[in-house]
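Q: Let me give you the structure first, and then I'll get to my questions.
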Amino acid sequence: MSDAMRKTVRKVATNFPTAIVSGRCRDNTYSFIRLVELYYAGSHGMDIKGPAKGSKYKTASQLYNLHTRKVVVMLFNSNRQ
Ligand SMILES: O=P(O)(O)OC[C@H]1O[C@H](O[C@H]2O[C@H](CO)[C@@H](O)[C@H](O)[C@H]2O)[C@H](O)[C@@H](O)[C@@H]1O
């Protein structure tokens with residue numbers, strides 16, 4: 001992920017709940033992105049962790065409960081870094 005792309009995703013995540021969803025384990029997924037403002041859904045969504053900081057949305061349950069709001073999901077192809 002380029003610095004410009006990372007900067008843009010961080011900006012989005014501070015304003016909207018933003019998640020990275022991957023088939024990889026959550027730790028590996030985080031290592032590609034390295035933004036604490038995001039949700040990370042690893043193992044095809046079996047392991048979800050909320051943003052460590054920088055977002056008003058803190059917990060995974062808040063992500064589940066956001067069905068009445070807009071949720072921004074960034075689809076990241078980990079094979080094309
Ligand atoms: O494109 P993604 O959504 O990031 O998913 C890619 C694949 O992720 C998982 O496989 C990868 O992790 C496995 C366990 O850590 C590892 O054994 C495998 O070599 C990696 O490719 C997932 O199991 C696959 O279904 C995804 O396609």
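Residue numbers start at 1 in each chain; chains themselves are named A, B, ... in the order of the structure tokens; ligands are numbered from 1 in the order shown.
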As a ChimeraX atom specification, please: the residues near Leu38 (chain A) (cut-off 6 Å, only C-alpha atoms, same-chain neighbours under 3 positions excluded).

A: /A:18-19,51
